[in-house]
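The data block below is structure.cif; it holds mmCIF, C-alpha atoms; chains and numbers go by the auth columns.
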```cif
data_final
#
loop_
_atom_site.group_PDB
_atom_site.id
_atom_site.type_symbol
_atom_site.label_atom_id
_atom_site.label_comp_id
_atom_site.label_asym_id
_atom_site.label_seq_id
_atom_site.Cartn_x
_atom_site.Cartn_y
_atom_site.Cartn_z
_atom_site.B_iso_or_equiv
_atom_site.auth_seq_id
_atom_site.auth_asym_id
ATOM 1 C CA MET A 1 0.000 0.000 0.000 0.00 1 A
ATOM 2 C CA LYS A 2 1.202 3.495 -0.818 0.00 2 A
ATOM 3 C CA SER A 3 0.074 6.821 0.597 0.00 3 A
ATOM 4 C CA GLU A 4 1.109 10.393 -0.028 0.00 4 A
ATOM 5 C CA ALA A 5 0.056 14.004 0.329 0.00 5 A
ATOM 6 C CA PHE A 6 -1.632 15.031 -2.910 0.00 6 A
ATOM 7 C CA ARG A 7 -1.525 18.650 -4.061 0.00 7 A
ATOM 8 C CA TYR A 8 -4.067 20.091 -6.477 0.00 8 A
ATOM 9 C CA SER A 9 -5.807 23.389 -7.266 0.00 9 A
ATOM 10 C CA ASP A 10 -9.163 24.757 -8.410 0.00 10 A
ATOM 11 C CA GLY A 11 -7.470 27.597 -10.261 0.00 11 A
ATOM 12 C CA VAL A 12 -8.040 29.960 -7.335 0.00 12 A
ATOM 13 C CA ASP A 13 -6.799 28.148 -4.219 0.00 13 A
ATOM 14 C CA ARG A 14 -4.404 25.282 -3.521 0.00 14 A
ATOM 15 C CA PHE A 15 -5.235 22.122 -1.617 0.00 15 A
ATOM 16 C CA ILE A 16 -3.426 19.205 0.017 0.00 16 A
ATOM 17 C CA GLY A 17 -5.374 15.953 0.153 0.00 17 A
ATOM 18 C CA HIS A 18 -4.339 12.447 1.165 0.00 18 A
ATOM 19 C CA LEU A 19 -4.046 9.688 -1.409 0.00 19 A
ATOM 20 C CA VAL A 20 -3.873 5.931 -0.681 0.00 20 A
ATOM 21 C CA TRP A 21 -3.744 3.064 -3.175 0.00 21 A
ATOM 22 C CA ASP A 22 -2.495 -0.475 -3.640 0.00 22 A
ATOM 23 C CA ASP A 23 0.477 -0.183 -5.978 0.00 23 A
ATOM 24 C CA GLY A 24 0.279 -3.922 -6.569 0.00 24 A
ATOM 25 C CA ILE A 25 -2.794 -3.369 -8.744 0.00 25 A
ATOM 26 C CA ALA A 26 -1.458 -3.075 -12.283 0.00 26 A
ATOM 27 C CA THR A 27 -4.523 -1.594 -13.993 0.00 27 A
ATOM 28 C CA PRO A 28 -6.461 1.607 -13.235 0.00 28 A
ATOM 29 C CA ALA A 29 -8.790 1.095 -10.266 0.00 29 A
ATOM 30 C CA PRO A 30 -12.032 2.724 -9.123 0.00 30 A
ATOM 31 C CA CYS A 31 -11.603 5.791 -6.933 0.00 31 A
ATOM 32 C CA VAL A 32 -13.486 7.071 -3.885 0.00 32 A
ATOM 33 C CA LEU A 33 -13.314 10.710 -2.804 0.00 33 A
ATOM 34 C CA ILE A 34 -13.656 11.175 0.966 0.00 34 A
ATOM 35 C CA ALA A 35 -14.866 14.596 2.141 0.00 35 A
ATOM 36 C CA PRO A 36 -14.077 15.212 5.819 0.00 36 A
ATOM 37 C CA ALA A 37 -16.198 16.605 8.620 0.00 37 A
ATOM 38 C CA PHE A 38 -16.060 20.303 9.487 0.00 38 A
ATOM 39 C CA GLY A 39 -12.765 19.966 11.356 0.00 39 A
ATOM 40 C CA GLY A 40 -10.949 19.320 8.092 0.00 40 A
ATOM 41 C CA LEU A 41 -8.850 16.404 6.906 0.00 41 A
ATOM 42 C CA SER A 42 -7.845 14.287 9.917 0.00 42 A
ATOM 43 C CA ASP A 43 -6.597 10.873 10.976 0.00 43 A
ATOM 44 C CA PHE A 44 -10.202 9.637 10.890 0.00 44 A
ATOM 45 C CA GLU A 45 -10.541 10.200 7.134 0.00 45 A
ATOM 46 C CA ARG A 46 -7.000 8.925 6.524 0.00 46 A
ATOM 47 C CA ALA A 47 -7.953 5.681 8.294 0.00 47 A
ATOM 48 C CA ARG A 48 -11.052 5.305 6.131 0.00 48 A
ATOM 49 C CA ALA A 49 -8.854 5.858 3.080 0.00 49 A
ATOM 50 C CA GLU A 50 -6.569 3.037 4.209 0.00 50 A
ATOM 51 C CA GLU A 51 -9.549 0.715 4.630 0.00 51 A
ATOM 52 C CA LEU A 52 -10.929 1.528 1.198 0.00 52 A
ATOM 53 C CA ALA A 53 -7.511 1.104 -0.421 0.00 53 A
ATOM 54 C CA ALA A 54 -7.309 -2.355 1.152 0.00 54 A
ATOM 55 C CA LEU A 55 -10.536 -3.163 -0.713 0.00 55 A
ATOM 56 C CA GLY A 56 -8.935 -2.204 -4.030 0.00 56 A
ATOM 57 C CA TYR A 57 -9.982 1.434 -4.384 0.00 57 A
ATOM 58 C CA VAL A 58 -7.816 4.467 -4.926 0.00 58 A
ATOM 59 C CA ALA A 59 -8.897 6.503 -1.897 0.00 59 A
ATOM 60 C CA PHE A 60 -8.563 10.282 -2.012 0.00 60 A
ATOM 61 C CA ALA A 61 -9.350 12.194 1.187 0.00 61 A
ATOM 62 C CA VAL A 62 -9.980 15.711 -0.072 0.00 62 A
ATOM 63 C CA ASP A 63 -9.118 19.099 1.385 0.00 63 A
ATOM 64 C CA TYR A 64 -11.890 21.651 0.903 0.00 64 A
ATOM 65 C CA TYR A 65 -10.440 24.352 3.185 0.00 65 A
ATOM 66 C CA GLY A 66 -7.092 24.803 1.444 0.00 66 A
ATOM 67 C CA ASN A 67 -3.454 23.983 2.197 0.00 67 A
ATOM 68 C CA GLY A 68 -4.440 20.906 4.172 0.00 68 A
ATOM 69 C CA THR A 69 -5.884 23.032 6.977 0.00 69 A
ATOM 70 C CA ARG A 70 -6.831 21.119 10.103 0.00 70 A
ATOM 71 C CA VAL A 71 -8.532 23.034 12.919 0.00 71 A
ATOM 72 C CA GLU A 72 -8.112 22.427 16.639 0.00 72 A
ATOM 73 C CA THR A 73 -11.212 24.031 18.174 0.00 73 A
ATOM 74 C CA PRO A 74 -14.929 24.160 17.329 0.00 74 A
ATOM 75 C CA GLU A 75 -14.656 27.940 17.014 0.00 75 A
ATOM 76 C CA GLU A 76 -11.956 27.621 14.340 0.00 76 A
ATOM 77 C CA ALA A 77 -14.031 25.002 12.557 0.00 77 A
ATOM 78 C CA GLN A 78 -17.130 27.206 12.575 0.00 78 A
ATOM 79 C CA ALA A 79 -15.164 30.102 11.110 0.00 79 A
ATOM 80 C CA LEU A 80 -13.657 27.987 8.341 0.00 80 A
ATOM 81 C CA MET A 81 -16.945 26.261 7.618 0.00 81 A
ATOM 82 C CA ALA A 82 -18.489 29.693 7.032 0.00 82 A
ATOM 83 C CA THR A 83 -15.969 30.307 4.252 0.00 83 A
ATOM 84 C CA VAL A 84 -17.293 27.372 2.224 0.00 84 A
ATOM 85 C CA THR A 85 -20.984 27.510 3.133 0.00 85 A
ATOM 86 C CA SER A 86 -21.698 31.238 2.781 0.00 86 A
ATOM 87 C CA ASP A 87 -21.378 30.700 -0.973 0.00 87 A
ATOM 88 C CA ARG A 88 -21.922 27.042 -1.787 0.00 88 A
ATOM 89 C CA LYS A 89 -20.634 27.559 -5.312 0.00 89 A
ATOM 90 C CA VAL A 90 -17.179 27.782 -3.672 0.00 90 A
ATOM 91 C CA LEU A 91 -17.622 24.416 -1.956 0.00 91 A
ATOM 92 C CA ALA A 92 -18.876 22.845 -5.192 0.00 92 A
ATOM 93 C CA ARG A 93 -15.956 24.316 -7.154 0.00 93 A
ATOM 94 C CA ARG A 94 -13.479 22.855 -4.696 0.00 94 A
ATOM 95 C CA MET A 95 -15.118 19.440 -4.838 0.00 95 A
ATOM 96 C CA VAL A 96 -15.126 19.519 -8.645 0.00 96 A
ATOM 97 C CA ALA A 97 -11.398 20.382 -8.525 0.00 97 A
ATOM 98 C CA ALA A 98 -10.751 17.298 -6.394 0.00 98 A
ATOM 99 C CA LEU A 99 -12.745 15.168 -8.830 0.00 99 A
ATOM 100 C CA GLU A 100 -10.874 16.497 -11.846 0.00 100 A
ATOM 101 C CA ALA A 101 -7.541 15.952 -10.103 0.00 101 A
ATOM 102 C CA ALA A 102 -8.522 12.357 -9.345 0.00 102 A
ATOM 103 C CA LYS A 103 -9.459 11.719 -12.963 0.00 103 A
ATOM 104 C CA GLU A 104 -5.938 12.664 -14.051 0.00 104 A
ATOM 105 C CA LEU A 105 -4.241 10.113 -11.804 0.00 105 A
ATOM 106 C CA PRO A 106 -2.758 7.195 -13.773 0.00 106 A
ATOM 107 C CA GLN A 107 -3.871 4.681 -11.151 0.00 107 A
ATOM 108 C CA VAL A 108 -7.522 5.813 -11.376 0.00 108 A
ATOM 109 C CA ASP A 109 -10.186 4.558 -13.765 0.00 109 A
ATOM 110 C CA ALA A 110 -11.840 7.923 -14.479 0.00 110 A
ATOM 111 C CA GLY A 111 -15.105 6.221 -15.404 0.00 111 A
ATOM 112 C CA ARG A 112 -15.495 4.632 -11.951 0.00 112 A
ATOM 113 C CA ILE A 113 -15.428 7.327 -9.293 0.00 113 A
ATOM 114 C CA GLY A 114 -17.590 7.675 -6.197 0.00 114 A
ATOM 115 C CA ALA A 115 -17.721 10.153 -3.340 0.00 115 A
ATOM 116 C CA MET A 116 -18.529 9.899 0.353 0.00 116 A
ATOM 117 C CA GLY A 117 -18.534 12.543 3.053 0.00 117 A
ATOM 118 C CA TYR A 118 -19.043 13.019 6.778 0.00 118 A
ATOM 119 C CA CYS A 119 -21.141 15.851 8.255 0.00 119 A
ATOM 120 C CA LEU A 120 -20.102 18.966 6.283 0.00 120 A
ATOM 121 C CA GLY A 121 -18.429 16.502 3.929 0.00 121 A
ATOM 122 C CA GLY A 122 -21.850 14.955 3.350 0.00 122 A
ATOM 123 C CA LYS A 123 -23.077 18.362 2.211 0.00 123 A
ATOM 124 C CA ALA A 124 -19.950 18.630 0.032 0.00 124 A
ATOM 125 C CA VAL A 125 -20.547 15.371 -1.831 0.00 125 A
ATOM 126 C CA LEU A 126 -24.235 16.181 -2.296 0.00 126 A
ATOM 127 C CA ASP A 127 -23.254 19.545 -3.770 0.00 127 A
ATOM 128 C CA LEU A 128 -20.793 17.771 -6.066 0.00 128 A
ATOM 129 C CA ALA A 129 -23.670 15.603 -7.290 0.00 129 A
ATOM 130 C CA ARG A 130 -26.045 18.571 -7.485 0.00 130 A
ATOM 131 C CA CYS A 131 -23.794 20.396 -9.922 0.00 131 A
ATOM 132 C CA GLY A 132 -23.997 17.512 -12.396 0.00 132 A
ATOM 133 C CA ALA A 133 -20.637 15.877 -11.705 0.00 133 A
ATOM 134 C CA ASP A 134 -19.884 12.716 -13.648 0.00 134 A
ATOM 135 C CA ILE A 135 -19.504 10.233 -10.801 0.00 135 A
ATOM 136 C CA ARG A 136 -21.195 6.894 -10.210 0.00 136 A
ATOM 137 C CA ALA A 137 -21.954 6.888 -6.478 0.00 137 A
ATOM 138 C CA CYS A 138 -22.554 9.481 -3.744 0.00 138 A
ATOM 139 C CA VAL A 139 -22.802 8.675 -0.024 0.00 139 A
ATOM 140 C CA PRO A 140 -23.406 11.352 2.639 0.00 140 A
ATOM 141 C CA LEU A 141 -22.938 10.011 6.185 0.00 141 A
ATOM 142 C CA HIS A 142 -24.783 12.029 8.849 0.00 142 A
ATOM 143 C CA GLY A 143 -24.686 14.870 6.343 0.00 143 A
ATOM 144 C CA VAL A 144 -26.429 18.238 6.230 0.00 144 A
ATOM 145 C CA TYR A 145 -29.062 18.470 3.519 0.00 145 A
ATOM 146 C CA ASP A 146 -30.031 22.112 2.940 0.00 146 A
ATOM 147 C CA ARG A 147 -30.096 23.157 -0.707 0.00 147 A
ATOM 148 C CA PRO A 148 -27.268 25.265 -2.143 0.00 148 A
ATOM 149 C CA ASN A 149 -27.422 28.704 -3.768 0.00 149 A
ATOM 150 C CA PHE A 150 -27.231 27.189 -7.229 0.00 150 A
ATOM 151 C CA ARG A 151 -29.657 25.211 -9.327 0.00 151 A
ATOM 152 C CA THR A 152 -29.670 21.445 -8.863 0.00 152 A
ATOM 153 C CA GLU A 153 -28.764 19.780 -12.141 0.00 153 A
ATOM 154 C CA GLU A 154 -29.447 16.178 -13.048 0.00 154 A
ATOM 155 C CA ILE A 155 -27.909 14.129 -10.245 0.00 155 A
ATOM 156 C CA ARG A 156 -25.981 11.533 -12.196 0.00 156 A
ATOM 157 C CA PRO A 157 -24.670 9.215 -9.460 0.00 157 A
ATOM 158 C CA ALA A 158 -26.700 6.751 -7.475 0.00 158 A
ATOM 159 C CA VAL A 159 -27.146 8.192 -3.975 0.00 159 A
ATOM 160 C CA LEU A 160 -27.144 6.375 -0.642 0.00 160 A
ATOM 161 C CA VAL A 161 -28.005 8.570 2.350 0.00 161 A
ATOM 162 C CA LEU A 162 -26.786 7.142 5.678 0.00 162 A
ATOM 163 C CA HIS A 163 -28.770 8.992 8.295 0.00 163 A
ATOM 164 C CA GLY A 164 -29.228 9.104 12.063 0.00 164 A
ATOM 165 C CA TRP A 165 -32.929 9.601 12.684 0.00 165 A
ATOM 166 C CA ASP A 166 -32.341 11.778 15.772 0.00 166 A
ATOM 167 C CA ASP A 167 -29.765 14.016 14.079 0.00 167 A
ATOM 168 C CA PRO A 168 -30.463 17.599 15.263 0.00 168 A
ATOM 169 C CA LEU A 169 -28.648 19.043 12.232 0.00 169 A
ATOM 170 C CA ALA A 170 -30.843 17.072 9.822 0.00 170 A
ATOM 171 C CA PRO A 171 -34.271 16.555 11.391 0.00 171 A
ATOM 172 C CA PRO A 172 -36.955 14.488 9.665 0.00 172 A
ATOM 173 C CA GLU A 173 -38.314 17.469 7.710 0.00 173 A
ATOM 174 C CA ALA A 174 -34.843 18.139 6.271 0.00 174 A
ATOM 175 C CA LEU A 175 -34.551 14.506 5.211 0.00 175 A
ATOM 176 C CA SER A 176 -38.018 14.702 3.647 0.00 176 A
ATOM 177 C CA GLN A 177 -37.016 17.785 1.663 0.00 177 A
ATOM 178 C CA LEU A 178 -33.857 16.029 0.471 0.00 178 A
ATOM 179 C CA ALA A 179 -35.943 13.032 -0.588 0.00 179 A
ATOM 180 C CA GLU A 180 -38.196 15.329 -2.646 0.00 180 A
ATOM 181 C CA GLU A 181 -35.144 16.893 -4.285 0.00 181 A
ATOM 182 C CA LEU A 182 -33.610 13.507 -5.057 0.00 182 A
ATOM 183 C CA ASN A 183 -36.876 12.194 -6.424 0.00 183 A
ATOM 184 C CA ALA A 184 -37.014 15.140 -8.820 0.00 184 A
ATOM 185 C CA HIS A 185 -33.390 14.992 -9.987 0.00 185 A
ATOM 186 C CA CYS A 186 -31.937 11.520 -9.320 0.00 186 A
ATOM 187 C CA ARG A 187 -33.016 8.235 -10.904 0.00 187 A
ATOM 188 C CA ASP A 188 -31.419 5.973 -8.267 0.00 188 A
ATOM 189 C CA TRP A 189 -31.482 6.982 -4.603 0.00 189 A
ATOM 190 C CA GLN A 190 -32.062 5.369 -1.238 0.00 190 A
ATOM 191 C CA VAL A 191 -32.017 6.257 2.450 0.00 191 A
ATOM 192 C CA LEU A 192 -30.847 4.022 5.286 0.00 192 A
ATOM 193 C CA GLY A 193 -31.967 5.528 8.593 0.00 193 A
ATOM 194 C CA PHE A 194 -30.717 4.410 11.986 0.00 194 A
ATOM 195 C CA GLY A 195 -33.140 4.709 14.889 0.00 195 A
ATOM 196 C CA HIS A 196 -32.075 6.245 18.211 0.00 196 A
ATOM 197 C CA THR A 197 -29.007 7.623 16.431 0.00 197 A
ATOM 198 C CA GLY A 198 -27.815 11.221 16.323 0.00 198 A
ATOM 199 C CA HIS A 199 -25.258 13.256 14.445 0.00 199 A
ATOM 200 C CA ALA A 200 -21.622 12.139 14.049 0.00 200 A
ATOM 201 C CA PHE A 201 -22.525 8.523 14.787 0.00 201 A
ATOM 202 C CA THR A 202 -19.392 7.235 12.986 0.00 202 A
ATOM 203 C CA ASN A 203 -17.000 9.327 15.091 0.00 203 A
ATOM 204 C CA PRO A 204 -15.680 7.635 18.267 0.00 204 A
ATOM 205 C CA ASN A 205 -14.858 11.073 19.699 0.00 205 A
ATOM 206 C CA ALA A 206 -18.477 12.253 19.496 0.00 206 A
ATOM 207 C CA ARG A 207 -19.637 12.164 23.128 0.00 207 A
ATOM 208 C CA ASN A 208 -22.384 14.742 23.517 0.00 208 A
ATOM 209 C CA PRO A 209 -25.645 12.817 23.733 0.00 209 A
ATOM 210 C CA LYS A 210 -27.525 15.828 25.152 0.00 210 A
ATOM 211 C CA GLY A 211 -26.506 17.790 22.079 0.00 211 A
ATOM 212 C CA GLY A 212 -27.554 14.952 19.793 0.00 212 A
ATOM 213 C CA MET A 213 -23.997 14.056 18.786 0.00 213 A
ATOM 214 C CA GLN A 214 -22.967 10.599 19.900 0.00 214 A
ATOM 215 C CA TYR A 215 -20.901 7.741 18.481 0.00 215 A
ATOM 216 C CA SER A 216 -22.830 4.543 17.832 0.00 216 A
ATOM 217 C CA GLU A 217 -20.728 1.449 17.290 0.00 217 A
ATOM 218 C CA ARG A 218 -23.713 -0.436 15.918 0.00 218 A
ATOM 219 C CA ALA A 219 -24.845 2.260 13.480 0.00 219 A
ATOM 220 C CA SER A 220 -21.277 2.946 12.378 0.00 220 A
ATOM 221 C CA ALA A 221 -20.650 -0.732 11.589 0.00 221 A
ATOM 222 C CA ARG A 222 -23.942 -1.067 9.726 0.00 222 A
ATOM 223 C CA ALA A 223 -23.266 2.120 7.765 0.00 223 A
ATOM 224 C CA TRP A 224 -19.812 0.894 6.722 0.00 224 A
ATOM 225 C CA ARG A 225 -21.221 -2.428 5.533 0.00 225 A
ATOM 226 C CA ALA A 226 -23.908 -0.636 3.526 0.00 226 A
ATOM 227 C CA LEU A 227 -21.383 1.815 2.077 0.00 227 A
ATOM 228 C CA THR A 228 -18.879 -0.814 0.966 0.00 228 A
ATOM 229 C CA GLN A 229 -21.637 -2.971 -0.533 0.00 229 A
ATOM 230 C CA PHE A 230 -22.972 0.087 -2.403 0.00 230 A
ATOM 231 C CA PHE A 231 -19.564 0.979 -3.791 0.00 231 A
ATOM 232 C CA ALA A 232 -18.970 -2.641 -4.827 0.00 232 A
ATOM 233 C CA GLU A 233 -22.237 -2.549 -6.761 0.00 233 A
ATOM 234 C CA MET A 234 -21.793 0.873 -8.359 0.00 234 A
ATOM 235 C CA LEU A 235 -18.037 1.025 -8.963 0.00 235 A
#
```
How would this structure read if it were set down as structure tokens?
Amino acid sequence: MKSEAFRYSDGVDRFIGHLVWDDGIATPAPCVLIAPAFGGLSDFERARAEELAALGYVAFAVDYYGNGTRVETPEEAQALMATVTSDRKVLARRMVAALEAAKELPQVDAGRIGAMGYCLGGKAVLDLARCGADIRACVPLHGVYDRPNFRTEEIRPAVLVLHGWDDPLAPPEALSQLAEELNAHCRDWQVLGFGHTGHAFTNPNARNPKGGMQYSERASARAWRALTQFFAEML
């Protein structure tokens, strides 16, 4: 297995992602983009990249803040998140840049690319799909579903939404609105909801049950099984 920092640009800003692949695979392989939670690219996403690479994917954990920025406090994260959510066209542009960079990699089969994202990263991969990106699969995990400030195009990938039913950042009405949007623009979508499960359920460091943010070993394991099965089918 090989891993390296991966530098790319959207023509405006520069980014440093994390790339992992099995260099024993001689032919171009399917690729999965991993969009991190609002704290930025961390060891959590790097570990998921390692796991996906072990399954035969080229895994690309993206950087949507720029220069590989990783924040240390919630206040820093909120400030940086505002830079990419105040104008969602910026977030979409940065995700498209990551996709285009992945397509140029010699180890990647450009016709077999999927994207997954956690929390803010779930919003990021949905926005990538909303802008008409040519990918095959899109998986937000405990994502945020509000519509962007641009028109939703045909959503080309199949979409699997992995959702905690008690998520305070995506209550049932937000999920219902997303379902209406997907039904109007996407030919292949599904939702897997986990009961008694809040936001950040895949993150072992999420320990705020009163705030609705709590790790769930059961939901996390079920979500990973569903995600890997979905990618195996679509990619």
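Distances to Asn203 in chain A were evaluated for A:Cys131, A:Arg218, A:Gln190, A:Phe150 using all atoms listed in the file, and the minimum falls at A:Arg218.
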I'd like the residues picked by the PyMOL selection byres ((chain A and resi 134-138) around 6) written out as a PDB file with C-alpha atoms, keeping the file's coordinate frame, using the chain letters and numbers from the file.
```
ATOM      1  CA  ILE A 113     -15.428   7.327  -9.293  1.00  0.00           C
ATOM      2  CA  GLY A 114     -17.590   7.675  -6.197  1.00  0.00           C
ATOM      3  CA  ALA A 115     -17.721  10.153  -3.340  1.00  0.00           C
ATOM      4  CA  MET A 116     -18.529   9.899   0.353  1.00  0.00           C
ATOM      5  CA  ALA A 133     -20.637  15.877 -11.705  1.00  0.00           C
ATOM      6  CA  VAL A 139     -22.802   8.675  -0.024  1.00  0.00           C
ATOM      7  CA  PRO A 157     -24.670   9.215  -9.460  1.00  0.00           C
ATOM      8  CA  ALA A 158     -26.700   6.751  -7.475  1.00  0.00           C
ATOM      9  CA  VAL A 159     -27.146   8.192  -3.975  1.00  0.00           C
TER      10      VAL A 159
END
```
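Atom pair CA of Glu233 in chain A / CA of Arg112 in chain A has a distance of 11.1 Å (rounded to one decimal).
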For the structure shown, which residues end up in the PyMOL selection byres ((chain A and resi 132) around 8)? Put them as a PyMOL selection string, please? chain A and resi 128-131+133-134+152-156
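The result of the PyMOL selection byres ((chain A and resi 191-196) around 7) on the shown file is Leu160, Val161, Leu162, His163, Gly164, Trp165, Asp166, Gln190, Thr197, Gly198 and Ala219 of chain A.
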For the residues in the current selection, export C-alpha atoms as an mmCIF file, keeping the file's coordinate frame.
```cif
data_model
loop_
_atom_site.group_PDB
_atom_site.id
_atom_site.type_symbol
_atom_site.label_atom_id
_atom_site.label_comp_id
_atom_site.auth_asym_id
_atom_site.auth_seq_id
_atom_site.Cartn_x
_atom_site.Cartn_y
_atom_site.Cartn_z
ATOM 1 C CA LEU A 160 -27.144 6.375 -0.642
ATOM 2 C CA VAL A 161 -28.005 8.570 2.350
ATOM 3 C CA LEU A 162 -26.786 7.142 5.678
ATOM 4 C CA HIS A 163 -28.770 8.992 8.295
ATOM 5 C CA GLY A 164 -29.228 9.104 12.063
ATOM 6 C CA TRP A 165 -32.929 9.601 12.684
ATOM 7 C CA ASP A 166 -32.341 11.778 15.772
ATOM 8 C CA GLN A 190 -32.062 5.369 -1.238
ATOM 9 C CA THR A 197 -29.007 7.623 16.431
ATOM 10 C CA GLY A 198 -27.815 11.221 16.323
ATOM 11 C CA ALA A 219 -24.845 2.260 13.480
#
```
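Using only C-alpha atoms, the smallest distance between any of A:Leu55, A:Ala124, A:Leu175, A:Ala5 and Val90 in chain A comes from A:Ala124.
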Please determine the residues with any atom at most 6 Å from (-8.7, 18.9, -2.5) (coordinates as given in the file, with all atoms listed in the file counting) and report them as number ranges by chain. A: 15-17, 62-64, 98
Counting all atoms listed in the file, what is within 10 Å of Ala221 in chain A, bar same-chain residues fewer than 5 positions away, as a PyMOL selection string? chain A and resi 201-202+216+226-227
